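File shown: coords-v3.txt. Contents: compact mmCIF, C-alpha atoms and all ligand atoms.
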# COMPACT_ATOMS: atom_id res chain seq x y z
CA MET A 1384 -8.38 83.51 -135.34
CA GLU A 1385 -11.32 85.78 -135.87
CA PRO A 1386 -10.97 88.94 -133.77
CA ALA A 1387 -13.59 89.75 -131.14
CA ALA A 1388 -16.33 92.10 -132.23
CA PRO A 1389 -15.03 95.63 -131.63
CA SER A 1390 -18.00 96.30 -129.38
CA SER A 1391 -16.74 93.87 -126.74
CA LEU A 1392 -13.44 94.26 -124.93
CA VAL A 1393 -13.66 90.80 -123.39
CA GLU A 1394 -15.25 87.75 -124.88
CA LEU A 1395 -15.37 84.19 -123.62
CA ARG A 1396 -16.03 81.63 -126.31
CA ARG A 1397 -17.19 78.17 -125.29
CA VAL A 1398 -14.97 78.11 -122.25
CA SER A 1399 -14.75 75.04 -120.04
CA PHE A 1400 -12.80 75.12 -116.82
CA GLY A 1401 -12.55 72.93 -113.75
CA TYR A 1402 -10.43 72.73 -110.65
CA GLY A 1403 -9.13 69.18 -110.82
CA GLU A 1404 -11.98 66.86 -111.74
CA ARG A 1405 -14.70 69.32 -110.81
CA LEU A 1406 -15.99 71.18 -113.85
CA ILE A 1407 -16.99 74.73 -112.86
CA LEU A 1408 -17.61 76.38 -116.23
CA ARG A 1409 -19.19 74.45 -119.07
CA ASP A 1410 -19.05 75.77 -122.60
CA LEU A 1411 -19.47 79.29 -121.28
CA SER A 1412 -19.77 82.13 -123.79
CA LEU A 1413 -20.19 85.75 -122.81
CA ARG A 1414 -19.23 89.26 -123.89
CA VAL A 1415 -18.25 92.29 -121.88
CA PRO A 1416 -19.24 95.37 -123.88
CA ARG A 1417 -16.73 98.20 -124.16
CA GLY A 1418 -17.33 101.35 -122.19
CA LYS A 1419 -20.07 99.85 -120.04
CA VAL A 1420 -20.46 98.57 -116.51
CA THR A 1421 -21.19 94.85 -116.65
CA ALA A 1422 -22.18 92.86 -113.59
CA LEU A 1423 -21.60 89.15 -113.27
CA MET A 1424 -24.00 87.65 -110.78
CA GLY A 1425 -25.27 84.24 -109.80
CA ALA A 1426 -25.41 81.70 -107.04
CA SER A 1427 -22.45 81.29 -104.73
CA GLY A 1428 -19.80 78.93 -106.05
CA GLY A 1429 -21.04 79.28 -109.64
CA GLY A 1430 -17.66 80.39 -110.91
CA LYS A 1431 -17.87 84.17 -111.05
CA THR A 1432 -14.50 84.81 -109.46
CA THR A 1433 -13.11 82.07 -111.66
CA VAL A 1434 -14.24 84.04 -114.73
CA LEU A 1435 -12.30 87.09 -113.48
CA ARG A 1436 -9.25 84.90 -112.88
CA LEU A 1437 -9.45 83.52 -116.41
CA ILE A 1438 -9.62 87.03 -117.86
CA GLY A 1439 -6.69 88.14 -115.70
CA GLY A 1440 -4.72 85.08 -116.78
CA GLN A 1441 -4.36 83.70 -113.24
CA GLU A 1442 -6.06 80.55 -114.53
CA ARG A 1443 -6.16 79.09 -118.03
CA ALA A 1444 -9.25 77.63 -119.65
CA GLN A 1445 -9.11 73.92 -120.44
CA LYS A 1446 -11.24 74.50 -123.52
CA GLY A 1447 -12.36 77.54 -125.48
CA GLU A 1448 -11.01 81.05 -125.75
CA VAL A 1449 -10.81 83.98 -123.35
CA LEU A 1450 -10.32 86.99 -125.58
CA PHE A 1451 -9.07 90.31 -124.27
CA ASP A 1452 -9.20 92.89 -127.03
CA GLY A 1453 -9.22 90.02 -129.54
CA HIS A 1454 -6.29 88.07 -128.07
CA ASP A 1455 -6.60 84.77 -126.24
CA VAL A 1456 -5.31 85.29 -122.70
CA GLY A 1457 -4.94 81.52 -122.30
CA ARG A 1458 -2.36 81.38 -125.07
CA MET A 1459 -0.27 84.36 -124.09
CA ASP A 1460 3.33 83.92 -123.06
CA ARG A 1461 4.58 85.65 -119.91
CA ARG A 1462 5.52 88.82 -121.73
CA ASP A 1463 2.20 89.24 -123.49
CA LEU A 1464 0.31 88.41 -120.33
CA TYR A 1465 2.29 91.03 -118.43
CA GLN A 1466 1.44 93.59 -121.12
CA ALA A 1467 -2.23 92.61 -121.09
CA ARG A 1468 -2.38 92.85 -117.30
CA ARG A 1469 -1.06 96.38 -117.44
CA ARG A 1470 -4.23 97.20 -119.32
CA MET A 1471 -6.40 95.69 -116.58
CA GLY A 1472 -7.05 97.00 -113.10
CA MET A 1473 -8.08 94.27 -110.72
CA LEU A 1474 -9.61 94.60 -107.33
CA PHE A 1475 -9.71 91.17 -105.83
CA GLN A 1476 -10.72 91.34 -102.19
CA PHE A 1477 -11.39 95.02 -102.56
CA GLY A 1478 -9.45 97.09 -100.08
CA ALA A 1479 -6.46 94.83 -99.56
CA LEU A 1480 -3.79 97.50 -99.09
CA PHE A 1481 -0.15 97.07 -98.10
CA THR A 1482 -0.42 97.73 -94.40
CA ASP A 1483 3.19 98.89 -94.01
CA GLN A 1484 2.85 101.63 -96.64
CA ASN A 1485 0.91 104.85 -96.49
CA VAL A 1486 -1.97 105.74 -98.79
CA PHE A 1487 0.30 107.58 -101.25
CA GLU A 1488 2.72 104.67 -101.57
CA ASN A 1489 -0.10 102.18 -102.01
CA VAL A 1490 -1.37 104.08 -105.05
CA ALA A 1491 2.16 104.71 -106.35
CA PHE A 1492 3.00 101.00 -106.19
CA PRO A 1493 1.81 99.93 -109.68
CA LEU A 1494 3.40 103.02 -111.22
CA ARG A 1495 6.76 102.23 -109.65
CA GLU A 1496 6.38 98.56 -110.52
CA HIS A 1497 5.34 98.96 -114.16
CA THR A 1498 6.80 102.26 -115.35
CA ASP A 1499 10.03 104.28 -115.31
CA LEU A 1500 8.21 107.55 -114.74
CA PRO A 1501 10.10 110.22 -112.79
CA ASP A 1502 9.07 110.84 -109.18
CA GLU A 1503 7.42 114.22 -109.89
CA LEU A 1504 5.15 112.66 -112.48
CA ILE A 1505 4.31 109.73 -110.21
CA ARG A 1506 3.43 112.26 -107.51
CA ASP A 1507 1.06 114.12 -109.83
CA ILE A 1508 -0.61 110.95 -111.07
CA VAL A 1509 -1.05 109.57 -107.54
CA LEU A 1510 -2.54 112.85 -106.30
CA MET A 1511 -4.86 113.00 -109.31
CA LYS A 1512 -6.11 109.48 -108.67
CA LEU A 1513 -6.51 110.17 -104.96
CA HIS A 1514 -8.37 113.36 -105.82
CA ALA A 1515 -10.73 111.38 -108.05
CA VAL A 1516 -11.70 109.20 -105.08
CA GLY A 1517 -11.87 112.17 -102.69
CA LEU A 1518 -8.79 111.23 -100.67
CA ARG A 1519 -6.05 113.60 -101.82
CA GLY A 1520 -5.88 114.87 -98.24
CA ALA A 1521 -5.37 111.38 -96.83
CA ARG A 1522 -2.12 110.70 -98.68
CA ASP A 1523 0.07 110.46 -95.56
CA LEU A 1524 -2.20 108.22 -93.54
CA MET A 1525 -1.44 104.56 -92.93
CA PRO A 1526 -4.09 101.93 -93.78
CA SER A 1527 -4.65 101.37 -90.04
CA GLN A 1528 -5.69 105.04 -89.72
CA ILE A 1529 -8.45 104.98 -92.32
CA SER A 1530 -11.92 103.41 -92.37
CA GLY A 1531 -12.82 100.31 -94.38
CA GLY A 1532 -14.77 102.42 -96.87
CA MET A 1533 -11.78 104.75 -97.34
CA ALA A 1534 -9.47 101.78 -97.78
CA ARG A 1535 -11.62 100.59 -100.64
CA ARG A 1536 -11.43 103.96 -102.29
CA VAL A 1537 -7.65 103.89 -101.99
CA ALA A 1538 -7.65 100.43 -103.55
CA LEU A 1539 -9.81 101.81 -106.33
CA ALA A 1540 -7.35 104.66 -106.95
CA ARG A 1541 -4.57 102.07 -107.05
CA ALA A 1542 -6.48 99.89 -109.52
CA VAL A 1543 -6.83 102.78 -111.97
CA ALA A 1544 -3.34 104.23 -111.40
CA LEU A 1545 -2.05 102.89 -114.72
CA ASP A 1546 -5.12 104.11 -116.66
CA PRO A 1547 -6.35 100.61 -117.48
CA GLU A 1548 -8.93 99.87 -120.15
CA LEU A 1549 -10.67 97.20 -118.11
CA VAL A 1550 -11.32 97.27 -114.37
CA MET A 1551 -12.52 94.15 -112.60
CA TYR A 1552 -13.99 94.29 -109.11
CA ASP A 1553 -14.73 91.25 -107.01
CA GLU A 1554 -17.45 91.99 -104.45
CA PRO A 1555 -16.96 95.76 -104.23
CA PHE A 1556 -19.93 96.25 -101.92
CA SER A 1557 -19.52 93.51 -99.35
CA GLY A 1558 -19.41 94.69 -95.77
CA LEU A 1559 -19.99 98.38 -96.53
CA ASP A 1560 -22.39 100.63 -94.66
CA PRO A 1561 -25.11 102.17 -96.87
CA ILE A 1562 -23.28 105.48 -97.33
CA SER A 1563 -19.94 103.88 -98.27
CA LEU A 1564 -21.81 101.53 -100.56
CA GLY A 1565 -23.46 104.47 -102.32
CA THR A 1566 -20.10 106.24 -102.60
CA SER A 1567 -18.37 103.15 -103.99
CA SER A 1568 -21.12 102.57 -106.50
CA GLN A 1569 -21.03 106.19 -107.63
CA LEU A 1570 -17.25 106.07 -107.93
CA ILE A 1571 -17.30 102.93 -110.03
CA ARG A 1572 -19.73 104.65 -112.38
CA GLN A 1573 -17.81 107.96 -112.43
CA LEU A 1574 -14.45 106.33 -113.08
CA ASN A 1575 -15.96 104.15 -115.78
CA ASP A 1576 -17.49 107.08 -117.61
CA ALA A 1577 -14.83 109.75 -116.98
CA MET A 1578 -11.86 107.51 -117.82
CA GLY A 1579 -13.61 105.71 -120.68
CA LEU A 1580 -13.16 102.37 -118.92
CA THR A 1581 -14.87 99.05 -119.32
CA THR A 1582 -15.97 97.69 -115.96
CA LEU A 1583 -16.70 94.12 -114.96
CA LEU A 1584 -17.86 93.48 -111.44
CA VAL A 1585 -18.89 90.45 -109.48
CA SER A 1586 -21.43 91.25 -106.84
CA HIS A 1587 -24.10 89.67 -104.68
CA ASP A 1588 -25.83 92.91 -103.86
CA LEU A 1589 -28.86 92.81 -106.14
CA GLU A 1590 -30.21 96.26 -105.44
CA ALA A 1591 -26.91 98.14 -105.69
CA THR A 1592 -25.78 96.17 -108.70
CA PHE A 1593 -28.99 96.49 -110.67
CA ALA A 1594 -28.96 100.23 -109.99
CA LEU A 1595 -25.38 100.57 -111.22
CA ALA A 1596 -24.90 98.14 -114.11
CA ASP A 1597 -25.66 98.73 -117.78
CA HIS A 1598 -25.43 95.04 -118.55
CA VAL A 1599 -26.10 92.09 -116.24
CA ILE A 1600 -25.01 88.50 -116.77
CA ILE A 1601 -26.43 85.82 -114.49
CA LEU A 1602 -24.42 82.63 -114.33
CA GLY A 1603 -26.38 79.43 -113.89
CA PRO A 1604 -24.67 76.10 -113.36
CA GLY A 1605 -21.58 76.49 -115.53
CA THR A 1606 -23.20 78.70 -118.11
CA VAL A 1607 -25.16 81.93 -118.74
CA ALA A 1608 -28.74 81.75 -117.44
CA ALA A 1609 -29.72 85.27 -118.51
CA GLU A 1610 -28.18 88.50 -119.69
CA GLY A 1611 -29.30 91.94 -120.72
CA THR A 1612 -30.15 95.25 -119.13
CA PRO A 1613 -31.15 95.09 -115.46
CA ASP A 1614 -34.81 95.36 -116.51
CA GLU A 1615 -34.53 92.58 -119.06
CA VAL A 1616 -32.91 90.30 -116.51
CA ARG A 1617 -35.45 91.17 -113.84
CA ASN A 1618 -38.19 90.04 -116.22
CA SER A 1619 -36.46 86.86 -117.37
CA PRO A 1620 -38.76 83.82 -117.43
CA ASP A 1621 -35.88 81.47 -116.50
CA PRO A 1622 -36.74 79.83 -113.11
CA LEU A 1623 -33.17 80.08 -111.86
CA VAL A 1624 -33.02 83.78 -112.68
CA HIS A 1625 -36.43 84.28 -111.08
CA GLN A 1626 -35.16 82.60 -107.92
CA PHE A 1627 -32.05 84.70 -107.98
CA VAL A 1628 -33.50 88.14 -108.64
CA ASN A 1629 -36.28 87.56 -106.12
CA ALA A 1630 -33.86 86.14 -103.55
CA LEU A 1631 -35.97 83.02 -103.03
CA PRO A 1632 -34.42 80.34 -100.80
CA SER A 1633 -35.80 77.48 -102.84
CA GLY A 1634 -35.80 76.91 -106.58
CA PRO A 1635 -33.39 75.39 -109.08
CA VAL A 1636 -30.36 76.54 -107.06
CA PRO A 1637 -29.87 73.81 -104.46
CA PHE A 1638 -29.33 74.68 -100.81
CA HIS A 1639 -26.85 71.83 -100.33
CA TYR A 1640 -23.35 71.61 -101.75
CA PRO A 1641 -23.03 68.14 -103.39
CA ALA A 1642 -22.58 65.67 -100.51
CA PRO A 1643 -22.56 61.90 -100.00
CA ASN A 1644 -25.93 60.25 -99.57
CA ILE A 1645 -27.33 61.14 -96.13
CA GLU A 1646 -27.33 57.49 -95.03
CA GLU A 1647 -23.64 57.19 -95.82
CA ASP A 1648 -22.87 59.92 -93.30
CA PHE A 1649 -25.46 59.18 -90.63
CA GLY A 1650 -26.33 55.51 -91.06
CA PRO A 1651 -29.79 54.05 -91.72
CA PRO A 1652 -32.69 55.99 -90.14
CA GLN A 1653 -33.35 53.44 -87.37
CA GLY A 1654 -29.71 53.55 -86.25
CA ARG A 1655 -29.66 57.31 -85.80
CA VAL A 1656 -29.75 58.84 -82.36
CA ARG A 1657 -32.89 60.89 -82.01
N1 LIG B 1701 -8.28 77.23 -106.18
C1 LIG B 1701 -9.33 76.42 -106.15
N2 LIG B 1701 -9.18 75.08 -106.06
C2 LIG B 1701 -10.24 74.24 -106.04
N3 LIG B 1701 -11.52 74.66 -106.12
C3 LIG B 1701 -11.74 75.98 -106.19
C4 LIG B 1701 -10.67 76.93 -106.21
N4 LIG B 1701 -11.20 78.16 -106.30
C5 LIG B 1701 -12.52 77.99 -106.34
N5 LIG B 1701 -12.86 76.70 -106.28
C6 LIG B 1701 -14.23 76.14 -106.35
O1 LIG B 1701 -14.78 76.51 -107.60
C7 LIG B 1701 -16.15 76.89 -107.46
C8 LIG B 1701 -16.33 78.26 -108.07
O2 LIG B 1701 -15.63 79.21 -107.29
P1 LIG B 1701 -15.72 80.78 -107.54
O3 LIG B 1701 -15.00 81.45 -106.43
O4 LIG B 1701 -15.33 81.09 -108.92
O5 LIG B 1701 -17.31 81.02 -107.40
P2 LIG B 1701 -18.11 82.34 -107.18
O6 LIG B 1701 -19.28 82.26 -108.09
O7 LIG B 1701 -17.22 83.51 -107.31
O8 LIG B 1701 -18.58 82.15 -105.70
P3 LIG B 1701 -18.91 83.24 -104.56
O9 LIG B 1701 -20.03 84.04 -105.10
O10 LIG B 1701 -19.31 82.39 -103.39
O11 LIG B 1701 -17.67 84.03 -104.33
C9 LIG B 1701 -16.48 76.80 -105.99
O12 LIG B 1701 -17.21 75.62 -105.76
C10 LIG B 1701 -15.14 76.74 -105.29
O13 LIG B 1701 -15.23 75.89 -104.17

Produce structure tokens that represent the structure in this file.
Ligand SMILES: Nc1ncnc2c1ncn2[C@@H]1O[C@H](COP(=O)(O)OP(=O)(O)OP(=O)(O)O)[C@@H](O)[C@H]1O
Amino acid sequence: MEPAAPSSLVELRRVSFGYGERLILRDLSLRVPRGKVTALMGASGGGKTTVLRLIGGQERAQKGEVLFDGHDVGRMDRRDLYQARRRMGMLFQFGALFTDQNVFENVAFPLREHTDLPDELIRDIVLMKLHAVGLRGARDLMPSQISGGMARRVALARAVALDPELVMYDEPFSGLDPISLGTSSQLIRQLNDAMGLTTLLVSHDLEATFALADHVIILGPGTVAAEGTPDEVRNSPDPLVHQFVNALPSGPVPFHYPAPNIEEDFGPPQGRVR
């Protein structure tokens, strides 16, 4: 197998994936450049979260390769997958903390789970990570005592506790007030640059994402509709991308999820109750 180009930490090569009969990704190829913040965007249900799950090894591609640092995640055995996952920080449903543990213990969790480090070292690492997200002083609080925005920052500290190479965020901005959104965005950038990470995020927030990302990938039906810098994507001639970046309700992205013919559900027009 030819290794991935050193400039990309993650590469999908002609990946096809479906849940059951329904094909979600069709011959999808994309690269996540090292050291950069890459945003994966596109219409709802297009398979963005599925891409993160394929990279994390929670799902396996039916066809093609999902390379993490040159190795196909889909072919890894349990041991290799476990090792690879240690090198990834994942924030699915950003902010999902263990509600019965305080902030400190939430961040310490991956360190206790994956390492044999002594308690004093774990303490220092946890406090360093909490300091990086501005919450060193909140270590003793329970998740119920902190705001949603703070909870996300704790989750962020937890995701980078093991000094991963790749961090994946699913919808890091959803439901945040403008200030928390700005803080989260800034933190994602700071952690990426200061820790030398590679970041991949899925987001619907056009403005925040275009301001943050170095590289944007727009997924069309099953495949890449456009990619490049935010400016390049903004100026893409592709009608789907145009619809997406201009938030237009009509265009190639259909409003309706595939459904039976309208007459099958409601009967012929004359039989319908007005
Ligand atoms: N576990 C599953 N079993 C069956 N179908 C699923 C499963 N997970 C997702 N799907 C379907 O696969 C499609 C892609 O889902 P996915 O969550 O990857 O999309 P997405 O682009 O992240 O969407 P959104 O932006 O709305 O979160 C959707 O139509 C969804 O209904």

Find the smallest box with edges along x, y and z containing every listed atom of segment 1434-1450 of chain A, then add 8 Å on each side and report centre and edge lengths in Å to one decimal, as AutoDock Vina command-line options.
--center_x -9.3 --center_y 81.0 --center_z -119.3 --size_x 25.9 --size_y 30.2 --size_z 28.9

### Message
Please report the interatomic distance between atom CA of Gly1603 of chain A and atom CA of Arg1468 of chain A in Å with one decimal.
### Response
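Pair atom CA of Gly1603 of chain A / atom CA of Arg1468 of chain A returns 27.7 Å.
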
### Message
With all atoms listed in the file as the counted atoms, please give the residues lying no more than 12 Å from Gln1573 of chain A, apart from itself and same-chain residues fewer than 4 positions off, as a PyMOL selection string.
### Response
chain A and resi 1418-1420+1515-1516+1539+1566-1569+1577-1582+1595

Taking only C-alpha atoms and all ligand atoms into account, report as an mmCIF file with C-alpha atoms, in the coordinates of the input which residues have an atom no farther than 7 Å from an atom of ligand LIG 1701 (chain B).
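Everything below was put into selection.cif:
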data_model
loop_
_atom_site.group_PDB
_atom_site.id
_atom_site.type_symbol
_atom_site.label_atom_id
_atom_site.label_comp_id
_atom_site.auth_asym_id
_atom_site.auth_seq_id
_atom_site.Cartn_x
_atom_site.Cartn_y
_atom_site.Cartn_z
ATOM 1 C CA TYR A 1402 -10.430 72.730 -110.650
ATOM 2 C CA ILE A 1407 -16.990 74.730 -112.860
ATOM 3 C CA GLY A 1425 -25.270 84.240 -109.800
ATOM 4 C CA ALA A 1426 -25.410 81.700 -107.040
ATOM 5 C CA SER A 1427 -22.450 81.290 -104.730
ATOM 6 C CA GLY A 1428 -19.800 78.930 -106.050
ATOM 7 C CA GLY A 1429 -21.040 79.280 -109.640
ATOM 8 C CA GLY A 1430 -17.660 80.390 -110.910
ATOM 9 C CA LYS A 1431 -17.870 84.170 -111.050
ATOM 10 C CA THR A 1432 -14.500 84.810 -109.460
ATOM 11 C CA THR A 1433 -13.110 82.070 -111.660
ATOM 12 C CA VAL A 1434 -14.240 84.040 -114.730
ATOM 13 C CA HIS A 1587 -24.100 89.670 -104.680
#

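Shortest atom-to-atom contact with Phe1451 of chain A among A:Thr1482, A:Ser1390, A:Thr1421, A:Ser1399: A:Ser1390, counting all atoms listed in the file.
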
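Between atom CA of Asp1576 of chain A and atom CA of Val1393 of chain A there is a distance of 17.7 Å.
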
### Task
Would you list the contacts of Phe1627 of chain A as an MDAnalysis selection string, taking every protein, DNA or RNA residue within 10 Å and counting only C-alpha atoms, but skipping same-chain residues closer than 5 positions in sequence?
chainID A and resid 1424:1426 1587 1589 1601 1603 1617 1621:1622 1632:1636

### Message
Residues within 12 Å of segment 1452-1454 of chain A, please, as an NGL selection string. Count all atoms listed in the file; anything in the same chain fewer than 3 positions from it doesn't count.
### Response
:A and (1384-1396 or 1414-1417 or 1438 or 1440 or 1448-1449 or 1457-1460 or 1463-1464 or 1466-1468 or 1470-1471 or 1548-1549 or 1581)

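Excluding Val1607 of chain A and any residue on its chain fewer than 3 positions from it, the residues at most 9 Å away by all atoms listed in the file are A:Leu1411, A:Ser1412, A:Leu1413, A:Ile1600, A:Ile1601, A:Leu1602, A:Gly1603, A:Pro1604, A:Glu1610.
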
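Among the candidates A:Arg1506, A:Val1585, A:Val1398, A:Pro1547, the one nearest to Lys1446 of chain A when counting all atoms listed in the file is A:Val1398.
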
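Relative to atom CA of Asp1597 of chain A, atom CA of Leu1437 of chain A is found at 22.3 Å.
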
### Task
Show me as a ChimeraX atom specification the residues that reach within 12 Å of (-1.2, 105.2, -90.1), counting all atoms listed in the file and using the file's own coordinates.
/A:1481-1487,1521-1530,1534

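Proximity ranking of A:Glu1590, A:Asp1648, A:Glu1442, A:Asp1614 relative to Ala1630 of chain A places A:Glu1590 first, based on only C-alpha atoms.
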
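If only C-alpha atoms are the atoms counted, then among A:Ile1645, A:Leu1545, A:Leu1518, A:Met1551 the closest residue to Glu1496 of chain A is A:Leu1545.
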
### Message
List as an MDAnalysis selection string the protein and nucleic acid residues near Asp1507 of chain A, meaning an atom at most 12 Å away when all atoms listed in the file are counted, but skip any in the same chain fewer than 3 places from it.
### Response
chainID A and resid 1487 1490:1491 1494 1500:1504 1510:1514 1519 1544

### Task
Find, counting all atoms listed in the file, the residue in A:Leu1631, A:Leu1570, A:Ala1594, A:Leu1584 that gets nearest to Ala1540 of chain A.
A:Leu1570

### Task
Point out the residue among A:Ala1642, A:Gly1439, A:Leu1480, A:Val1537 with the least atom-to-atom distance to Asp1455 of chain A, counting only C-alpha atoms.
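Nearest candidate to Asp1455 of chain A out of A:Ala1642, A:Gly1439, A:Leu1480, A:Val1537: A:Gly1439.
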